[in-house]
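One structure is given here, and the rest of the page talks about it.
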Amino acid sequence: MGAGGVYFASGLLEKVQPAMVGLFVPAALLAGVTHTWQAWAAAEGNYRGLSWIRISQAFVVTVAQIVAGLISPTAAGMMIGHVLGTAAGIGFAMYFMPINPLAMGARAEFWTRLKAFWLNQRRFPMFALPADAIN
């Protein structure tokens, strides 16, 4: 990276608001939780729940960003709206596909069910990874 690249990067970083830097990690964590929950719904074959999770999250994030944009029409306001909307979307995911520790059973049964799940889904990476690479 030459001197021009350093100058460009330093000029770019001057425009970043502190709220955006502070919200980057929570936004990334919430996005990870959301994607994990959606992958779990797809792997379980709960496509109706997956559809409701995606629709409700898209709706909540959009509404939160519109409200945040009306209150503070800045990039930081949009990021705050995204973080709040994603957190609310996780709440909807928990409603549509709750975690039931009683259904997991005893520890030995859990490992048996986990092994059976991985054997049943062993071809999933073969189809998912090329699509993710393209995306």
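Chain identifiers are assigned as A, B, and so on, following the order in which chains appear in the structure tokens; residues are numbered from 1 within each chain, and ligands are numbered from 1 in order of appearance.
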Discussion item. What's around Arg54 in chain A at 10 Å? Count only C-alpha atoms, leave out sequence neighbours fewer than 3 positions away in its own chain, and write the answer as a PyMOL selection string.
Written reply: chain A and resi 34-35+38+49-51+57-60+89+92-93
Include N, CA and C atoms and write out the residues we just selected as a CSV table (one decimal), in the first residue's frame.
```csv
chain,number,residue,atom,x,y,z
A,34,THR,N,-28.1,-14.0,14.2
A,34,THR,CA,-29.2,-14.1,13.3
A,34,THR,C,-29.0,-15.1,12.2
A,35,HIS,N,-27.8,-15.1,11.7
A,35,HIS,CA,-27.5,-16.1,10.6
A,35,HIS,C,-27.4,-17.5,11.2
A,38,GLN,N,-31.0,-18.7,11.6
A,38,GLN,CA,-31.6,-19.0,10.3
A,38,GLN,C,-31.1,-20.3,9.8
A,49,GLY,N,-41.0,-21.4,9.9
A,49,GLY,CA,-40.3,-20.6,10.9
A,49,GLY,C,-39.2,-19.7,10.3
A,50,LEU,N,-38.4,-20.3,9.4
A,50,LEU,CA,-37.4,-19.6,8.7
A,50,LEU,C,-37.9,-18.4,7.9
A,51,SER,N,-39.0,-18.6,7.2
A,51,SER,CA,-39.6,-17.5,6.5
A,51,SER,C,-40.1,-16.4,7.4
A,57,GLN,N,-37.6,-10.1,10.7
A,57,GLN,CA,-36.4,-9.3,10.9
A,57,GLN,C,-36.3,-8.2,9.8
A,58,ALA,N,-36.6,-8.5,8.6
A,58,ALA,CA,-36.5,-7.4,7.5
A,58,ALA,C,-37.4,-6.3,7.9
A,59,PHE,N,-38.6,-6.6,8.3
A,59,PHE,CA,-39.6,-5.6,8.7
A,59,PHE,C,-39.1,-4.7,9.9
A,60,VAL,N,-38.6,-5.4,10.9
A,60,VAL,CA,-38.2,-4.7,12.1
A,60,VAL,C,-37.0,-3.8,11.9
A,89,GLY,N,-35.2,-8.5,15.9
A,89,GLY,CA,-35.3,-9.6,15.0
A,89,GLY,C,-34.9,-10.9,15.7
A,92,PHE,N,-37.8,-12.0,17.7
A,92,PHE,CA,-38.8,-12.7,16.8
A,92,PHE,C,-38.3,-14.1,16.5
A,93,ALA,N,-37.0,-14.3,16.3
A,93,ALA,CA,-36.5,-15.6,16.0
A,93,ALA,C,-36.7,-16.5,17.2
```
Pick out the residues sitting within 10 Å of Gly85 in chain A, and hand them over as a short mmCIF file (atom, residue, chain, number, x, y, z; two decimals) with C-alpha atoms, in the first residue's frame; count only C-alpha atoms, and ignore anything fewer than 4 positions along from it in its own chain.
```cif
data_model
loop_
_atom_site.label_atom_id
_atom_site.label_comp_id
_atom_site.auth_asym_id
_atom_site.auth_seq_id
_atom_site.Cartn_x
_atom_site.Cartn_y
_atom_site.Cartn_z
CA LEU A 30 -26.02 -9.79 16.29
CA SER A 56 -40.06 -10.22 10.65
CA GLN A 57 -36.39 -9.31 10.86
CA ALA A 58 -36.48 -7.44 7.55
CA PHE A 59 -39.58 -5.58 8.69
CA VAL A 60 -38.21 -4.70 12.12
CA VAL A 61 -34.81 -3.58 10.79
CA THR A 62 -36.49 -1.42 8.13
CA VAL A 63 -38.86 0.21 10.62
CA ALA A 64 -36.03 0.78 13.13
CA GLN A 65 -33.87 2.41 10.46
CA MET A 79 -26.34 1.89 12.20
CA ILE A 80 -28.14 2.33 15.51
CA GLY A 81 -31.41 1.49 13.75
CA GLY A 89 -35.32 -9.60 14.99
CA ILE A 90 -33.52 -12.06 17.26
CA GLY A 91 -36.43 -11.69 19.66
#
```
Item to complete: Choose the residue, out of A:Leu114, A:Ile53, A:Val83, A:Met97, that has the smallest atom-to-atom separation from Gly22 in chain A; count only C-alpha atoms.
Response: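 Using only C-alpha atoms, the shortest distance to Gly22 in chain A belongs to A:Val83.
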Fill in: Length of the CA of Glu44 in chain A to CA of Phe117 in chain A vector [Å]
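CA of Glu44 in chain A sits 9.1 Å away from CA of Phe117 in chain A.
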Worksheet item: What does the distance from CA of Val25 in chain A to CA of Trp52 in chain A come to in Å, to one decimal?
Response: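 These atoms are spaced 26.0 Å apart.
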Fill in: Point-to-point distance from CA of Pro73 in chain A to CA of Gly32 in chain A, Å rounded to tenths
26.3 Å
Worksheet item: If you run DSSP on the backbone, which residues of range 45-117 of chain A are alpha helix (DSSP H), as a ChimeraX atom specification?
Response: /A:47-71,75-96,101-104,107-117
